[in-house]
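Notes follow once the structure below has been shown.
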Amino acid sequence: MEVESSHKVRVVVGALVLLAGTVPQIAPLTAQQSPVAAKDVAAILEKKCFQCHGEALKMGNLDLRTRESMLKGGDKGPALAPGKGDASLLIHRVTGKVAPQMPMAPLPALSDREVALLRDWINQGANWGETQQDRQWWAFQKPLRRALPKVSDARWARNPVDAFIKTALDAKGLVPASQADRAMLIRRAHLDLIGLLPSPAEVDAFVNSSSPRAYEDLIEKLLASPHYGERWARYWLDVVRYADSSGFEHDRDLATAWRFRDYVIKSFNDDKPYNQLIIEHLAGDELDNPTNDSVTATAFYRVGPRVRFREKDNPFYRYDYLDDIVRTTFQGFMGLSVHCARCHDHKFDPITRMDYYRSMVMFFGYVNYDHPLMPKEQVREWERKCV
C-alpha cells in the first residue's frame with residue numbers, strides 16, 4: 001500500500017490571502033504630477049552627491065543617504081523641508097540659489113529634469129524607503145481588461161492577442177512573417193501543447209481536411225490528450241520546486257513524491273481552476289470535504305529541499321524549511337521575491353521583515369503526517385498484518 005505524505009496546517013487560504021495584513025490598502029494617489037519613486041531620487045543622489053555626503057565622506061556633517069539624515073541636516077541646517085521643495089536647502093544648493101552650487105566640479109551639475117524630480121519628490125513629502133508607490137506595485141493591483149487596439153488588417157483582428165502583436169509590430173516598423181501553412185501549423189500546435197510531433201497520418205489528415213473547424217478541432221483534441229498535462233505540469237512543478245529526492249548531501253529519495261507529480265498532471269488535464277489549485281496546495285487537508293487529491297496537494301510542504309538527517313538535533317532546520325515554504329509561496333503564486341526579508345529590510349522593497357515573519361506565522365503550525373490513500377478497511381487490514 002502506498003502512503004502519501006501530507007500535512008496539518010491551519011492557514012487562511014485564498015489566491016492572494018497572504019497579503020492580508022501584510023500589504024495595507026492605500027488610497028489612490030491624487031497628486032497632479034506622477035508620484036516620484038524614492039529609488040529614482042536615490043539614483044540621482046548616489047551619482048551626484050554621495051561622493052561628498054555619503055558613507056566615506058560627510059562634508060559639512062551632511063549625510064544624504066537616508067531621509068532621517070537629510071532631515072537632521074548638517075552644519076547649515078536640514079537639507080529637506082518635506083512638502084516644500086522650493087524652501088528646501090537641497091534645492092537651493094543644486095540650483096545655485098545658495099552658493100556654492102552643488103555638486104562642485106569636476107562633477108556636472110544636475111540637469112533640469114533631475115532638479116525637477118527632486119523638487120517634486122520633496123513636494124510629495126520626500127517619502128523614502130517604503131513609499132506609497134512601492135505599496136502600489138503592479139503585482140498588488142487587480143488585473144484590468146485593456147481595450148483592444150484597432151488594426152487595419154482584418155486578419156489580425158481574429159484573435160485579441162493578434163491585435164496586440166500587430167500593434168506592437170507596427171510601432172517598431174516590423175513586418176510580420178508570412179502565415180504558416182497547415183503542415184507547419186499542426187507541427188507547432190503539437191509541440192506547444194503536448195510536446196510530441198504529429199504522425200505523418202495526422203499531418204496528412206489535417207492538411208487535407210475541408211472542415212472549417214479543422215484547426216479548432218485539432219486544438220480541442222490536443223487539450224484533451226493526457227500528454228497535455230504531462231507537458232505543462234512540468235513548468236508548475238518547477239515553480240513549486242518539485243523533485244523525487246530531497247537534495248543536500250544525503251539526497252534521500254521520496255518514495256511517494258510521484259503522487260504529487262501525478263496530482264499536478266491530473267489538475268492540468270482536468271482544467272482545475274487556478275484558485276482551487278492554490279487552495280489545495282496550501283490547505284487541502286483543511287477543506288470541509290477533503291479528497292485524496294486535495295490531501296495529496298499538501299505535499300507542497302514536503303517536496304522542497306530538506307536535510308532529513310538529525311533534524312531533532314538541529315531545530316534550526318525547521319526555520320530553513322519554513323523559509324523555503326514562504327519564499328516558494330510568494331514567488332510561485334504571486335511573482336514576488338521575499339527571501340531577503342528573512343534577515344533585513346531593503347529600502348525600496350514593499351515586503352519588510354515584519355511582513356515576512358507575519359507570513360511565516362501562518363505556516364508555523366504545520367506538522368508532517370502520513371495520510372493513507374486507501375479505504376479505511378484496507379488500511380486497518382494492512383496495519384493488522386504489519387503488527
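Letters for chains follow the order of the C-alpha cells (A, B, ...), residue numbers begin at 1 for each chain, and ligand numbers begin at 1 in the order shown.
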
Selection near A:Ala105, 12 Å with only C-alpha atoms, sequence-local residues under 2 positions removed, as a CSV table (one decimal) with C-alpha atoms, in the first residue's frame:
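Everything below was put into result31.csv:
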```csv
chain,number,residue,atom,x,y,z
A,48,LYS,CA,25.9,63.3,-7.9
A,49,CYS,CA,26.1,63.7,-4.1
A,51,GLN,CA,30.9,61.3,-3.1
A,52,CYS,CA,30.9,64.2,-0.6
A,100,PRO,CA,28.3,77.3,-3.7
A,101,GLN,CA,26.2,75.3,-6.2
A,102,MET,CA,26.3,71.6,-5.7
A,103,PRO,CA,27.7,69.3,-6.8
A,107,LEU,CA,31.0,66.6,-11.2
A,108,PRO,CA,28.5,68.0,-13.6
A,109,ALA,CA,25.5,70.0,-12.3
A,110,LEU,CA,22.1,68.4,-12.1
```

Give me, as a ChimeraX atom specification, all polymer residues having an atom no more than 6 Å from stretch 276-287 of chain A, counting only C-alpha atoms and skipping those fewer than 6 positions away in the same chain.
/A:13,294-295,297-298,300

How about saving the chosen residues, C-alpha atoms kept, as an mmCIF file, in the first residue's frame?
```
data_model
loop_
_atom_site.group_PDB
_atom_site.id
_atom_site.type_symbol
_atom_site.label_atom_id
_atom_site.label_comp_id
_atom_site.auth_asym_id
_atom_site.auth_seq_id
_atom_site.Cartn_x
_atom_site.Cartn_y
_atom_site.Cartn_z
ATOM 1 C CA VAL A 13 -6.453 30.454 2.261
ATOM 2 C CA SER A 294 -6.643 17.748 -2.056
ATOM 3 C CA VAL A 295 -4.678 15.970 0.684
ATOM 4 C CA ALA A 297 -1.684 18.518 -2.883
ATOM 5 C CA THR A 298 -0.334 19.469 0.552
ATOM 6 C CA PHE A 300 3.705 21.066 -1.479
#
```

Selection: 12 Å around A:Ala38, only C-alpha atoms, excl. self and same-chain fewer than 2 positions, as a PyMOL selection string
chain A and resi 35-36+40-45+65-67+117-118+120-122+124-134+347-349

Next, write the just-selected residues to a file, as an mmCIF file, in the first residue's frame, keeping N, CA and C atoms as the atom set.
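What ended up in out-v2.cif:
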```cif
data_model
loop_
_atom_site.group_PDB
_atom_site.id
_atom_site.type_symbol
_atom_site.label_atom_id
_atom_site.label_comp_id
_atom_site.auth_asym_id
_atom_site.auth_seq_id
_atom_site.Cartn_x
_atom_site.Cartn_y
_atom_site.Cartn_z
ATOM 1 N N PRO A 35 3.618 60.283 -9.063
ATOM 2 C CA PRO A 35 4.386 60.102 -7.841
ATOM 3 C C PRO A 35 5.829 59.741 -8.168
ATOM 4 N N VAL A 36 6.751 60.314 -7.434
ATOM 5 C CA VAL A 36 8.170 60.093 -7.659
ATOM 6 C C VAL A 36 8.623 58.922 -6.797
ATOM 7 N N ASP A 40 14.333 56.416 -7.664
ATOM 8 C CA ASP A 40 14.813 57.340 -8.690
ATOM 9 C C ASP A 40 15.575 58.505 -8.061
ATOM 10 N N VAL A 41 15.088 58.941 -6.911
ATOM 11 C CA VAL A 41 15.792 60.002 -6.184
ATOM 12 C C VAL A 41 17.145 59.495 -5.700
ATOM 13 N N ALA A 42 17.152 58.287 -5.164
ATOM 14 C CA ALA A 42 18.395 57.706 -4.657
ATOM 15 C C ALA A 42 19.433 57.579 -5.759
ATOM 16 N N ALA A 43 18.982 57.258 -6.985
ATOM 17 C CA ALA A 43 19.917 57.120 -8.097
ATOM 18 C C ALA A 43 20.614 58.448 -8.395
ATOM 19 N N ILE A 44 19.878 59.559 -8.314
ATOM 20 C CA ILE A 44 20.471 60.883 -8.549
ATOM 21 C C ILE A 44 21.466 61.225 -7.450
ATOM 22 N N LEU A 45 21.044 61.010 -6.200
ATOM 23 C CA LEU A 45 21.927 61.344 -5.081
ATOM 24 C C LEU A 45 23.197 60.497 -5.096
ATOM 25 N N ARG A 65 22.203 59.916 2.653
ATOM 26 C CA ARG A 65 21.843 58.532 2.323
ATOM 27 C C ARG A 65 20.480 58.111 2.845
ATOM 28 N N THR A 66 19.932 58.822 3.830
ATOM 29 C CA THR A 66 18.619 58.455 4.362
ATOM 30 C C THR A 66 17.775 59.702 4.559
ATOM 31 N N ARG A 67 16.487 59.489 4.643
ATOM 32 C CA ARG A 67 15.566 60.609 4.880
ATOM 33 C C ARG A 67 15.847 61.239 6.242
ATOM 34 N N LEU A 117 12.752 66.531 -10.651
ATOM 35 C CA LEU A 117 12.374 65.293 -9.979
ATOM 36 C C LEU A 117 12.597 65.413 -8.466
ATOM 37 N N LEU A 118 13.735 65.985 -8.078
ATOM 38 C CA LEU A 118 13.992 66.188 -6.643
ATOM 39 C C LEU A 118 12.948 67.106 -6.027
ATOM 40 N N ASP A 120 9.851 67.718 -7.067
ATOM 41 C CA ASP A 120 8.564 67.024 -6.979
ATOM 42 C C ASP A 120 8.560 66.020 -5.832
ATOM 43 N N TRP A 121 9.673 65.331 -5.662
ATOM 44 C CA TRP A 121 9.770 64.341 -4.589
ATOM 45 C C TRP A 121 9.596 64.999 -3.222
ATOM 46 N N ILE A 122 10.243 66.135 -3.032
ATOM 47 C CA ILE A 122 10.119 66.843 -1.754
ATOM 48 C C ILE A 122 8.693 67.368 -1.587
ATOM 49 N N GLN A 124 6.051 66.108 -2.623
ATOM 50 C CA GLN A 124 5.161 64.983 -2.327
ATOM 51 C C GLN A 124 5.417 64.367 -0.960
ATOM 52 N N GLY A 125 6.283 64.994 -0.166
ATOM 53 C CA GLY A 125 6.507 64.518 1.192
ATOM 54 C C GLY A 125 7.858 63.887 1.418
ATOM 55 N N ALA A 126 8.671 63.805 0.375
ATOM 56 C CA ALA A 126 10.009 63.213 0.497
ATOM 57 C C ALA A 126 9.954 61.823 1.098
ATOM 58 N N ASN A 127 9.021 61.015 0.577
ATOM 59 C CA ASN A 127 8.902 59.635 1.060
ATOM 60 C C ASN A 127 10.162 58.855 0.698
ATOM 61 N N TRP A 128 10.622 58.060 1.629
ATOM 62 C CA TRP A 128 11.879 57.329 1.452
ATOM 63 C C TRP A 128 11.676 55.896 1.920
ATOM 64 N N GLY A 129 12.324 54.980 1.226
ATOM 65 C CA GLY A 129 12.161 53.576 1.631
ATOM 66 C C GLY A 129 10.818 53.065 1.176
ATOM 67 N N GLU A 130 9.948 52.704 2.111
ATOM 68 C CA GLU A 130 8.644 52.126 1.783
ATOM 69 C C GLU A 130 7.676 53.251 1.444
ATOM 70 N N THR A 131 7.507 53.530 0.161
ATOM 71 C CA THR A 131 6.651 54.607 -0.287
ATOM 72 C C THR A 131 5.298 54.076 -0.706
ATOM 73 N N GLN A 132 4.382 55.003 -0.925
ATOM 74 C CA GLN A 132 3.073 54.602 -1.417
ATOM 75 C C GLN A 132 3.196 53.903 -2.756
ATOM 76 N N GLN A 133 4.108 54.373 -3.582
ATOM 77 C CA GLN A 133 4.261 53.733 -4.879
ATOM 78 C C GLN A 133 4.775 52.311 -4.729
ATOM 79 N N ASP A 134 5.669 52.083 -3.742
ATOM 80 C CA ASP A 134 6.126 50.724 -3.503
ATOM 81 C C ASP A 134 4.957 49.825 -3.145
ATOM 82 N N LYS A 347 15.512 49.115 1.381
ATOM 83 C CA LYS A 347 14.872 50.427 1.389
ATOM 84 C C LYS A 347 13.652 50.504 0.486
ATOM 85 N N PHE A 348 13.743 49.905 -0.697
ATOM 86 C CA PHE A 348 12.699 50.143 -1.681
ATOM 87 C C PHE A 348 11.890 48.889 -1.979
ATOM 88 N N ASP A 349 11.980 47.888 -1.142
ATOM 89 C CA ASP A 349 11.146 46.696 -1.300
ATOM 90 C C ASP A 349 9.881 46.852 -0.478
#
```

Between A:Val239, A:Val115, A:Leu57, A:Met362, single out the one closest to A:Met334, counting only C-alpha atoms.
A:Val239

Among A:Tyr366, A:Phe50, A:Tyr263, A:Tyr301, A:Ser246 is approached most closely, using only C-alpha atoms, by A:Tyr301

Which of stretch 233-277 of chain A fall in alpha helix (DSSP H), as a PyMOL selection string:
chain A and resi 233-239+258-269+274-277

For the selection just defined, write its residues with C-alpha atoms to a file, as a JSON list (two decimals), in the first residue's frame.
```json
[["chain", "number", "residue", "atom", "x", "y", "z"],
["A", 233, "ALA", "CA", 2.69, 20.30, -15.47],
["A", 234, "ARG", "CA", 6.49, 20.35, -15.79],
["A", 235, "TYR", "CA", 6.51, 24.14, -15.60],
["A", 236, "TRP", "CA", 4.34, 24.27, -12.49],
["A", 237, "LEU", "CA", 6.38, 21.52, -10.84],
["A", 238, "ASP", "CA", 9.46, 23.68, -11.37],
["A", 239, "VAL", "CA", 7.66, 26.64, -9.78],
["A", 258, "TRP", "CA", 5.30, 10.88, -7.57],
["A", 259, "ARG", "CA", 1.74, 11.16, -6.24],
["A", 260, "PHE", "CA", 2.11, 14.95, -6.03],
["A", 261, "ARG", "CA", 3.55, 14.99, -9.55],
["A", 262, "ASP", "CA", 0.58, 12.99, -10.84],
["A", 263, "TYR", "CA", -1.83, 15.23, -8.92],
["A", 264, "VAL", "CA", -0.47, 18.28, -10.77],
["A", 265, "ILE", "CA", -0.68, 16.48, -14.13],
["A", 266, "LYS", "CA", -4.27, 15.48, -13.38],
["A", 267, "SER", "CA", -5.13, 19.05, -12.35],
["A", 268, "PHE", "CA", -3.98, 20.36, -15.73],
["A", 269, "ASN", "CA", -5.84, 17.66, -17.62],
["A", 274, "TYR", "CA", -6.10, 28.16, -10.56],
["A", 275, "ASN", "CA", -7.55, 29.42, -7.29],
["A", 276, "GLN", "CA", -8.66, 25.88, -6.39],
["A", 277, "LEU", "CA", -5.17, 24.58, -7.18]]
```

Take atom CA of A:Ala180 and atom CA of A:Leu148 and report the distance between them in Å, one decimal.
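Separation between atom CA of A:Ala180 and atom CA of A:Leu148: 24.1 Å.
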